[in-house]
file query.txt (compact mmCIF, C-alpha atoms and all ligand atoms)
# COMPACT_ATOMS: atom_id res chain seq x y z
CA MET A 206 -12.89 -21.84 3.71
CA SER A 207 -9.62 -20.02 3.88
CA ASN A 208 -6.16 -21.23 4.60
CA GLU A 209 -6.73 -24.62 3.06
CA LEU A 210 -6.35 -22.70 -0.16
CA ASN A 211 -2.83 -21.73 0.87
CA LEU A 212 -3.67 -18.09 0.52
CA SER A 213 -1.26 -16.65 3.02
CA ALA A 214 1.84 -14.58 2.29
CA ARG A 215 5.10 -16.31 1.50
CA ASP A 216 8.12 -16.24 3.78
CA ASN A 217 7.02 -13.12 5.62
CA CYS A 218 8.46 -11.14 2.74
CA LYS A 219 6.24 -8.23 1.77
CA ILE A 220 6.00 -6.34 -1.51
CA ILE A 221 6.14 -2.58 -0.97
CA VAL A 222 5.23 -0.50 -4.01
CA ALA A 223 5.56 3.28 -4.22
CA ASN A 224 3.27 5.09 -6.62
CA TRP A 225 4.71 8.55 -7.06
CA LYS A 226 1.81 9.51 -9.36
CA MET A 227 2.53 12.86 -11.11
CA ASN A 228 5.09 13.85 -8.49
CA GLY A 229 8.81 13.57 -8.02
CA SER A 230 11.93 14.98 -9.61
CA GLU A 231 15.61 14.25 -10.08
CA THR A 232 16.12 15.92 -6.70
CA LEU A 233 13.75 13.50 -4.98
CA LEU A 234 15.44 10.55 -6.70
CA LYS A 235 18.81 11.76 -5.42
CA ASP A 236 17.31 11.89 -1.95
CA PHE A 237 16.49 8.19 -2.34
CA ALA A 238 20.00 7.31 -3.63
CA THR A 239 21.05 6.22 -0.15
CA PHE A 240 17.74 4.48 0.62
CA SER A 241 18.64 1.50 2.74
CA PRO A 242 15.90 -0.44 4.55
CA SER A 243 17.04 -3.03 7.08
CA LYS A 244 14.34 -5.57 6.15
CA GLY A 245 14.45 -7.72 3.03
CA ASN A 246 11.04 -6.76 1.64
CA ASP A 247 10.69 -6.33 -2.14
CA VAL A 248 10.66 -2.63 -3.01
CA ILE A 249 9.31 -1.25 -6.28
CA ILE A 250 9.15 2.48 -7.03
CA CYS A 251 6.79 3.51 -9.82
CA VAL A 252 7.94 6.87 -11.15
CA PRO A 253 6.58 9.11 -13.92
CA PHE A 254 7.80 8.11 -17.41
CA THR A 255 10.24 11.05 -17.56
CA LEU A 256 12.10 9.80 -14.48
CA LEU A 257 12.51 6.16 -15.55
CA ASP A 258 16.08 6.49 -16.84
CA SER A 259 17.22 8.58 -13.89
CA ALA A 260 15.54 6.19 -11.46
CA LYS A 261 17.49 3.31 -12.99
CA GLU A 262 20.70 5.27 -12.68
CA ILE A 263 20.23 6.86 -9.26
CA LEU A 264 18.22 4.42 -7.11
CA PRO A 265 20.04 1.56 -5.35
CA ASN A 266 20.02 -1.67 -7.38
CA PHE A 267 17.75 -3.63 -5.05
CA ILE A 268 14.87 -1.27 -5.87
CA LYS A 269 12.89 -2.35 -8.92
CA ILE A 270 11.60 0.35 -11.21
CA GLY A 271 7.96 0.48 -12.18
CA ALA A 272 5.78 2.59 -14.48
CA GLN A 273 2.27 3.81 -13.67
CA ASN A 274 0.53 3.04 -16.95
CA CYS A 275 1.14 1.94 -20.53
CA SER A 276 -0.73 1.76 -23.80
CA GLU A 277 -2.81 -1.27 -24.69
CA GLU A 278 -1.31 -1.03 -28.20
CA ASP A 279 2.07 -2.39 -29.28
CA LYS A 280 3.09 0.49 -31.55
CA GLY A 281 1.78 2.90 -34.15
CA ALA A 282 -0.09 6.17 -34.52
CA PHE A 283 -1.02 6.75 -30.89
CA THR A 284 0.40 10.18 -30.16
CA GLY A 285 1.59 10.60 -26.60
CA GLU A 286 1.34 6.94 -25.67
CA ILE A 287 4.07 4.63 -24.31
CA SER A 288 4.06 0.90 -25.03
CA ALA A 289 4.99 -1.96 -22.73
CA SER A 290 7.93 -2.88 -24.97
CA MET A 291 9.26 0.68 -24.61
CA LEU A 292 9.05 0.32 -20.84
CA ARG A 293 10.85 -3.00 -20.99
CA GLU A 294 13.62 -1.38 -23.02
CA ARG A 295 14.05 1.18 -20.23
CA GLY A 296 14.56 -1.53 -17.60
CA VAL A 297 11.11 -1.38 -16.06
CA THR A 298 9.96 -4.59 -14.33
CA HIS A 299 6.46 -3.65 -13.09
CA VAL A 300 3.57 -1.56 -14.44
CA ILE A 301 0.59 -0.31 -12.44
CA ILE A 302 -2.53 -0.94 -14.51
CA GLY A 303 -6.08 0.26 -13.92
CA HIS A 304 -5.42 2.61 -11.02
CA SER A 305 -8.72 4.17 -9.93
CA GLU A 306 -7.44 7.58 -11.02
CA ARG A 307 -7.00 6.23 -14.54
CA ARG A 308 -10.34 4.45 -14.47
CA LYS A 309 -12.06 7.66 -13.38
CA LEU A 310 -10.09 10.52 -14.94
CA PHE A 311 -9.06 8.78 -18.15
CA SER A 312 -12.15 6.61 -18.66
CA GLU A 313 -10.29 3.30 -18.54
CA THR A 314 -12.77 0.44 -18.66
CA ASN A 315 -12.21 -3.15 -17.57
CA SER A 316 -11.86 -4.11 -21.21
CA ILE A 317 -9.10 -1.55 -21.83
CA ILE A 318 -7.42 -2.64 -18.61
CA SER A 319 -7.56 -6.27 -19.66
CA LYS A 320 -5.81 -5.40 -22.96
CA LYS A 321 -3.15 -3.46 -21.06
CA VAL A 322 -2.57 -6.39 -18.72
CA GLU A 323 -2.17 -8.70 -21.73
CA THR A 324 0.39 -6.49 -23.42
CA VAL A 325 2.34 -6.03 -20.17
CA LEU A 326 2.48 -9.81 -19.68
CA LYS A 327 3.42 -10.38 -23.33
CA ASN A 328 6.43 -8.15 -22.71
CA GLU A 329 7.38 -10.17 -19.65
CA LEU A 330 6.69 -7.38 -17.19
CA THR A 331 4.58 -7.75 -14.06
CA PRO A 332 1.26 -5.89 -14.01
CA ILE A 333 0.07 -4.49 -10.69
CA VAL A 334 -3.66 -4.42 -11.31
CA CYS A 335 -5.70 -2.10 -9.11
CA ILE A 336 -9.24 -2.82 -8.01
CA GLY A 337 -11.44 -1.10 -5.45
CA GLU A 338 -14.88 0.22 -4.62
CA THR A 339 -16.17 3.77 -4.21
CA ARG A 340 -17.61 5.09 -0.96
CA SER A 341 -21.18 4.76 -2.23
CA GLU A 342 -20.59 1.19 -3.43
CA LYS A 343 -19.24 0.34 0.02
CA LYS A 344 -22.22 1.98 1.69
CA ALA A 345 -24.55 -0.04 -0.51
CA ASN A 346 -22.75 -3.24 0.56
CA LYS A 347 -21.58 -3.83 -2.98
CA THR A 348 -17.83 -4.09 -2.36
CA PHE A 349 -17.46 -7.80 -3.18
CA GLN A 350 -19.72 -7.51 -6.20
CA VAL A 351 -17.70 -4.57 -7.57
CA LEU A 352 -14.38 -6.32 -7.00
CA GLU A 353 -15.57 -9.51 -8.65
CA LYS A 354 -16.74 -7.57 -11.68
CA GLN A 355 -13.38 -5.82 -11.93
CA ILE A 356 -11.54 -9.15 -11.67
CA ASP A 357 -13.85 -10.81 -14.21
CA GLY A 358 -13.50 -7.91 -16.61
CA SER A 359 -9.85 -7.15 -16.36
CA ILE A 360 -7.85 -10.21 -15.34
CA LYS A 361 -9.87 -13.36 -15.79
CA ASN A 362 -9.00 -14.62 -19.24
CA LEU A 363 -5.24 -14.67 -19.04
CA GLY A 364 -4.38 -18.35 -18.70
CA SER A 365 -3.93 -19.98 -15.36
CA HIS A 366 -0.18 -19.65 -14.86
CA ILE A 367 0.94 -16.06 -14.86
CA GLY A 368 2.91 -13.53 -12.83
CA LEU A 369 0.55 -10.86 -11.64
CA ILE A 370 0.09 -8.65 -8.59
CA VAL A 371 -3.32 -7.34 -7.52
CA ALA A 372 -3.70 -4.18 -5.42
CA TYR A 373 -6.90 -3.66 -3.45
CA GLU A 374 -7.33 0.10 -3.16
CA PRO A 375 -10.70 1.22 -1.77
CA ILE A 376 -11.21 4.49 -3.65
CA TRP A 377 -12.58 6.23 -0.56
CA ALA A 378 -9.36 5.43 1.31
CA ILE A 379 -7.01 6.95 -1.26
CA GLY A 380 -5.50 10.21 0.00
CA SER A 381 -8.27 10.59 2.59
CA GLY A 382 -6.54 9.39 5.76
CA LEU A 383 -9.30 6.77 6.06
CA VAL A 384 -8.47 3.07 6.17
CA PRO A 385 -10.87 0.10 6.37
CA SER A 386 -10.95 -1.82 9.65
CA ASP A 387 -8.51 -4.71 10.06
CA ASN A 388 -11.38 -7.12 9.72
CA GLU A 389 -12.66 -5.47 6.55
CA ILE A 390 -9.18 -5.69 4.99
CA LYS A 391 -8.85 -9.33 6.08
CA GLU A 392 -12.25 -10.36 4.73
CA THR A 393 -11.86 -8.43 1.49
CA HIS A 394 -8.38 -9.81 0.76
CA LEU A 395 -9.62 -13.31 1.47
CA HIS A 396 -12.52 -12.78 -0.91
CA ILE A 397 -10.19 -11.47 -3.62
CA LYS A 398 -7.83 -14.43 -3.16
CA GLU A 399 -10.64 -16.94 -3.30
CA LYS A 400 -11.90 -15.35 -6.50
CA LEU A 401 -8.41 -15.30 -8.03
CA SER A 402 -7.83 -18.93 -7.10
CA GLN A 403 -10.70 -19.88 -9.44
CA PHE A 404 -8.64 -18.63 -12.39
CA PHE A 405 -4.98 -18.89 -11.48
CA THR A 406 -2.82 -21.75 -10.29
CA THR A 407 0.09 -19.43 -9.52
CA TYR A 408 0.33 -17.45 -6.29
CA ILE A 409 -1.08 -13.96 -6.86
CA PRO A 410 0.01 -11.50 -4.17
CA VAL A 411 -2.66 -9.04 -3.07
CA LEU A 412 -1.46 -5.65 -1.80
CA TYR A 413 -3.43 -3.11 0.18
CA GLY A 414 -3.42 0.56 -0.88
CA GLY A 415 -5.12 3.69 0.46
CA SER A 416 -3.71 6.02 3.15
CA ALA A 417 -1.02 3.53 4.14
CA ASN A 418 1.66 5.33 6.12
CA SER A 419 4.58 4.83 8.48
CA GLU A 420 2.23 4.54 11.46
CA ASN A 421 -0.32 2.03 10.19
CA CYS A 422 1.95 -0.05 7.91
CA SER A 423 2.95 -2.71 10.45
CA LYS A 424 -0.63 -3.26 11.52
CA ILE A 425 -1.89 -3.53 7.95
CA THR A 426 0.87 -5.84 6.74
CA SER A 427 0.30 -8.16 9.69
CA ILE A 428 -3.30 -8.79 8.57
CA GLU A 429 -3.85 -12.24 7.09
CA ASN A 430 -3.72 -12.33 3.28
CA VAL A 431 -2.08 -8.90 2.96
CA ASP A 432 1.07 -9.43 0.90
CA GLY A 433 2.27 -5.85 0.91
CA LEU A 434 1.32 -2.23 0.30
CA LEU A 435 0.79 0.18 -2.57
CA VAL A 436 1.70 3.58 -1.19
CA GLY A 437 0.97 7.01 -2.64
CA GLY A 438 1.61 10.16 -0.58
CA ALA A 439 3.81 8.57 2.08
CA SER A 440 6.17 7.15 -0.56
CA LEU A 441 7.32 10.67 -1.47
CA LYS A 442 8.93 11.18 1.93
CA LYS A 443 12.12 9.21 2.32
CA GLN A 444 11.92 8.65 6.08
CA ASP A 445 8.26 7.65 5.95
CA PHE A 446 8.82 5.28 3.06
CA LEU A 447 11.85 3.81 4.80
CA ALA A 448 9.71 3.04 7.85
CA ILE A 449 7.10 1.45 5.57
CA CYS A 450 9.74 -0.69 3.83
CA ASN A 451 10.91 -1.87 7.25
CA CYS A 452 7.46 -2.98 8.37
P1 LIG B 1 -2.32 7.28 -0.82
O1 LIG B 1 -1.32 6.34 -0.18
O2 LIG B 1 -1.80 8.68 -0.98
O3 LIG B 1 -3.65 7.19 -0.16
O4 LIG B 1 -2.51 6.76 -2.32
C1 LIG B 1 -2.78 5.42 -2.53
C2 LIG B 1 -2.65 5.15 -3.98
O5 LIG B 1 -3.47 5.61 -4.77
C3 LIG B 1 -1.51 4.35 -4.43
O6 LIG B 1 -1.68 3.90 -5.73
call {"tool": "encode", "arguments": {"input": "query.txt", "output": "structure tokens"}}
result
Amino acid sequence: MSNELNLSARDNCKIIVANWKMNGSETLLKDFATFSPSKGNDVIICVPFTLLDSAKEILPNFIKIGAQNCSEEDKGAFTGEISASMLRERGVTHVIIGHSERRKLFSETNSIISKKVETVLKNELTPIVCIGETRSEKKANKTFQVLEKQIDGSIKNLGSHIGLIVAYEPIWAIGSGLVPSDNEIKETHLHIKEKLSQFFTTYIPVLYGGSANSENCSKITSIENVDGLLVGGASLKKQDFLAICNC
């Protein structure tokens, strides 16, 4: 079972998302002011909250601006938090939700992530929901089981017709220089898409993330069922990210 489900990418157009994490500055944004890829891929740059306004002002218009997190609450006494409606007001279109660093370092559970996804959708923004297994889960052959649990817990009960992006980021591949084999990526993306197709009637793009760079990007994006990339470290270097956006 595979392509009968119409699981392949649309129109050869890829979605390339930069996750700047807690990096970047006005100076870096200015460096990207003349960013001009020759390919028509969708480009989204997710900057820290403090750079959202400058990103909107400085980056070329074709680049969509994303945030890296938001509160699951709408408003109220939640010191230090930022709501999805606040992000919308700032011109944000996408929000990364449930990145493994947030799951691990900030104790975000599937249930918190599912509330965040709901509030992002309610505010008509697109959540980019991250899922992925640890090295020990992979070694124990539990990758599919872990991913299914994350999908069940964080994005299952949302209605069948929604705009959502999923990013498969094996935790062991993030920042390590390690990348799964082509076949592992292919099989895992197919598995994710088959699982998603049980719940959603809309097309849900599935991105790959984890040590994607200017050298491996073309190979990874040519793998069946890979709709684009979520890029950390390499998105902070203009020339590298340009090469990735042209893949
Ligand atoms: P790297 O591309 O630095 O491995 O980071 C991936 C990531 O975590 C993107 O969200």
call {"tool": "closest_atom_pairs", "arguments": {"input": "query.txt", "of": "range 270-319 of chain A", "to": "range 343-361 of chain A", "cutoff": "7 Å", "atoms": "all atoms listed in the file", "output": "JSON lines"}}
result
{"residue": "A:Asn315", "atom": "CA", "partner": "A:Ser359", "partner_atom": "CA", "distance": 4.8}
{"residue": "A:Ser316", "atom": "CA", "partner": "A:Ser359", "partner_atom": "CA", "distance": 6.1}
{"residue": "A:Ile318", "atom": "CA", "partner": "A:Ser359", "partner_atom": "CA", "distance": 5.6}
{"residue": "A:Ser319", "atom": "CA", "partner": "A:Ser359", "partner_atom": "CA", "distance": 4.1}
call {"tool": "closest_residue", "arguments": {"input": "query.txt", "among": "A:Ile409, A:Val334, A:Leu447, A:Ile390", "to": "Val431 in chain A", "atoms": "only C-alpha atoms"}}
result
A:Ile390
call {"tool": "closest_residue", "arguments": {"input": "query.txt", "among": "A:Glu231, A:Glu342, A:Glu420, A:Glu323", "to": "Asp279 in chain A", "atoms": "all atoms listed in the file"}}
result
A:Glu323
call {"tool": "residues_around", "arguments": {"input": "query.txt", "residues": "range 302-308 of chain A", "least_positions_apart": "6", "cutoff": "12 Å", "atoms": "only C-alpha atoms", "output": "count of residues only"}}
result
56
call {"tool": "atom_distance", "arguments": {"input": "query.txt", "atom1": "CA of Phe405 in chain A", "atom2": "CA of Asn362 in chain A"}}
result
9.7 Å
call {"tool": "closest_residue", "arguments": {"input": "query.txt", "among": "A:Asp236, A:Asp247, A:Glu262, A:Glu294", "to": "Ile221 in chain A", "atoms": "only C-alpha atoms"}}
result
A:Asp247
call {"tool": "atom_distance", "arguments": {"input": "query.txt", "atom1": "CA of Asp445 in chain A", "atom2": "CA of Asn418 in chain A"}}
result
7.0 Å
call {"tool": "closest_residue", "arguments": {"input": "query.txt", "among": "A:Asn451, A:Ser416, A:Ser341, A:Ser386", "to": "ligand LIG 1 (chain B)", "atoms": "all atoms listed in the file"}}
result
A:Ser416
call {"tool": "axis_aligned_box", "arguments": {"input": "query.txt", "around": "ligand LIG 1 (chain B)", "padding_each_side": "6 Å", "output": "JSON"}}
result
{"center_x": -2.5, "center_y": 6.3, "center_z": -2.9, "size_x": 14.3, "size_y": 16.8, "size_z": 17.6}
call {"tool": "closest_residue", "arguments": {"input": "query.txt", "among": "A:Phe237, A:Leu395, A:Lys269, A:Cys452", "to": "Ser419 in chain A", "atoms": "all atoms listed in the file"}}
result
A:Cys452
call {"tool": "closest_residue", "arguments": {"input": "query.txt", "among": "A:Ile270, A:Gly245, A:Gly296, A:Val252", "to": "ligand LIG 1 (chain B)", "atoms": "all atoms listed in the file"}}
result
A:Val252
call {"tool": "atom_distance", "arguments": {"input": "query.txt", "atom1": "CA of Lys235 in chain A", "atom2": "CA of Val297 in chain A"}}
result
18.6 Å
call {"tool": "build_atoms", "arguments": {"input": "query.txt", "residues": "range 346-367 of chain A", "atoms": "N, CA and C atoms", "output": "mmCIF file, keeping the file's coordinate frame"}}
result
data_model
loop_
_atom_site.group_PDB
_atom_site.id
_atom_site.type_symbol
_atom_site.label_atom_id
_atom_site.label_comp_id
_atom_site.auth_asym_id
_atom_site.auth_seq_id
_atom_site.Cartn_x
_atom_site.Cartn_y
_atom_site.Cartn_z
ATOM 1 N N ASN A 346 -23.158 -1.837 0.366
ATOM 2 C CA ASN A 346 -22.750 -3.240 0.560
ATOM 3 C C ASN A 346 -22.411 -3.964 -0.720
ATOM 4 N N LYS A 347 -21.854 -3.223 -1.676
ATOM 5 C CA LYS A 347 -21.580 -3.830 -2.980
ATOM 6 C C LYS A 347 -20.084 -4.094 -3.215
ATOM 7 N N THR A 348 -19.292 -3.973 -2.169
ATOM 8 C CA THR A 348 -17.830 -4.090 -2.360
ATOM 9 C C THR A 348 -17.440 -5.383 -3.082
ATOM 10 N N PHE A 349 -17.890 -6.524 -2.586
ATOM 11 C CA PHE A 349 -17.460 -7.800 -3.180
ATOM 12 C C PHE A 349 -17.919 -7.914 -4.636
ATOM 13 N N GLN A 350 -19.153 -7.453 -4.850
ATOM 14 C CA GLN A 350 -19.720 -7.510 -6.200
ATOM 15 C C GLN A 350 -18.872 -6.664 -7.180
ATOM 16 N N VAL A 351 -18.498 -5.469 -6.729
ATOM 17 C CA VAL A 351 -17.700 -4.570 -7.570
ATOM 18 C C VAL A 351 -16.331 -5.192 -7.859
ATOM 19 N N LEU A 352 -15.711 -5.739 -6.823
ATOM 20 C CA LEU A 352 -14.380 -6.320 -7.000
ATOM 21 C C LEU A 352 -14.419 -7.528 -7.929
ATOM 22 N N GLU A 353 -15.445 -8.337 -7.774
ATOM 23 C CA GLU A 353 -15.570 -9.510 -8.650
ATOM 24 C C GLU A 353 -15.727 -9.098 -10.101
ATOM 25 N N LYS A 354 -16.526 -8.052 -10.310
ATOM 26 C CA LYS A 354 -16.740 -7.570 -11.680
ATOM 27 C C LYS A 354 -15.419 -7.048 -12.267
ATOM 28 N N GLN A 355 -14.662 -6.341 -11.452
ATOM 29 C CA GLN A 355 -13.380 -5.820 -11.930
ATOM 30 C C GLN A 355 -12.424 -6.975 -12.251
ATOM 31 N N ILE A 356 -12.421 -7.998 -11.407
ATOM 32 C CA ILE A 356 -11.540 -9.150 -11.670
ATOM 33 C C ILE A 356 -12.015 -9.878 -12.929
ATOM 34 N N ASP A 357 -13.307 -10.122 -13.024
ATOM 35 C CA ASP A 357 -13.850 -10.810 -14.210
ATOM 36 C C ASP A 357 -13.529 -10.039 -15.487
ATOM 37 N N GLY A 358 -13.662 -8.710 -15.404
ATOM 38 C CA GLY A 358 -13.500 -7.910 -16.610
ATOM 39 C C GLY A 358 -12.070 -7.619 -16.982
ATOM 40 N N SER A 359 -11.188 -7.611 -16.009
ATOM 41 C CA SER A 359 -9.850 -7.150 -16.360
ATOM 42 C C SER A 359 -8.754 -8.192 -16.238
ATOM 43 N N ILE A 360 -8.967 -9.257 -15.478
ATOM 44 C CA ILE A 360 -7.850 -10.210 -15.340
ATOM 45 C C ILE A 360 -8.244 -11.681 -15.406
ATOM 46 N N LYS A 361 -9.438 -11.964 -15.841
ATOM 47 C CA LYS A 361 -9.870 -13.360 -15.790
ATOM 48 C C LYS A 361 -9.289 -14.235 -16.904
ATOM 49 N N ASN A 362 -9.335 -13.738 -18.105
ATOM 50 C CA ASN A 362 -9.000 -14.620 -19.240
ATOM 51 C C ASN A 362 -7.534 -14.523 -19.646
ATOM 52 N N LEU A 363 -6.663 -14.874 -18.754
ATOM 53 C CA LEU A 363 -5.240 -14.670 -19.040
ATOM 54 C C LEU A 363 -4.444 -15.964 -19.046
ATOM 55 N N GLY A 364 -5.111 -17.096 -18.905
ATOM 56 C CA GLY A 364 -4.380 -18.350 -18.700
ATOM 57 C C GLY A 364 -4.165 -18.493 -17.212
ATOM 58 N N SER A 365 -3.905 -19.737 -16.800
ATOM 59 C CA SER A 365 -3.930 -19.980 -15.360
ATOM 60 C C SER A 365 -2.576 -19.733 -14.681
ATOM 61 N N HIS A 366 -1.510 -19.654 -15.466
ATOM 62 C CA HIS A 366 -0.180 -19.650 -14.860
ATOM 63 C C HIS A 366 0.558 -18.371 -15.235
ATOM 64 N N ILE A 367 0.318 -17.325 -14.485
ATOM 65 C CA ILE A 367 0.940 -16.060 -14.860
ATOM 66 C C ILE A 367 1.494 -15.331 -13.646
#
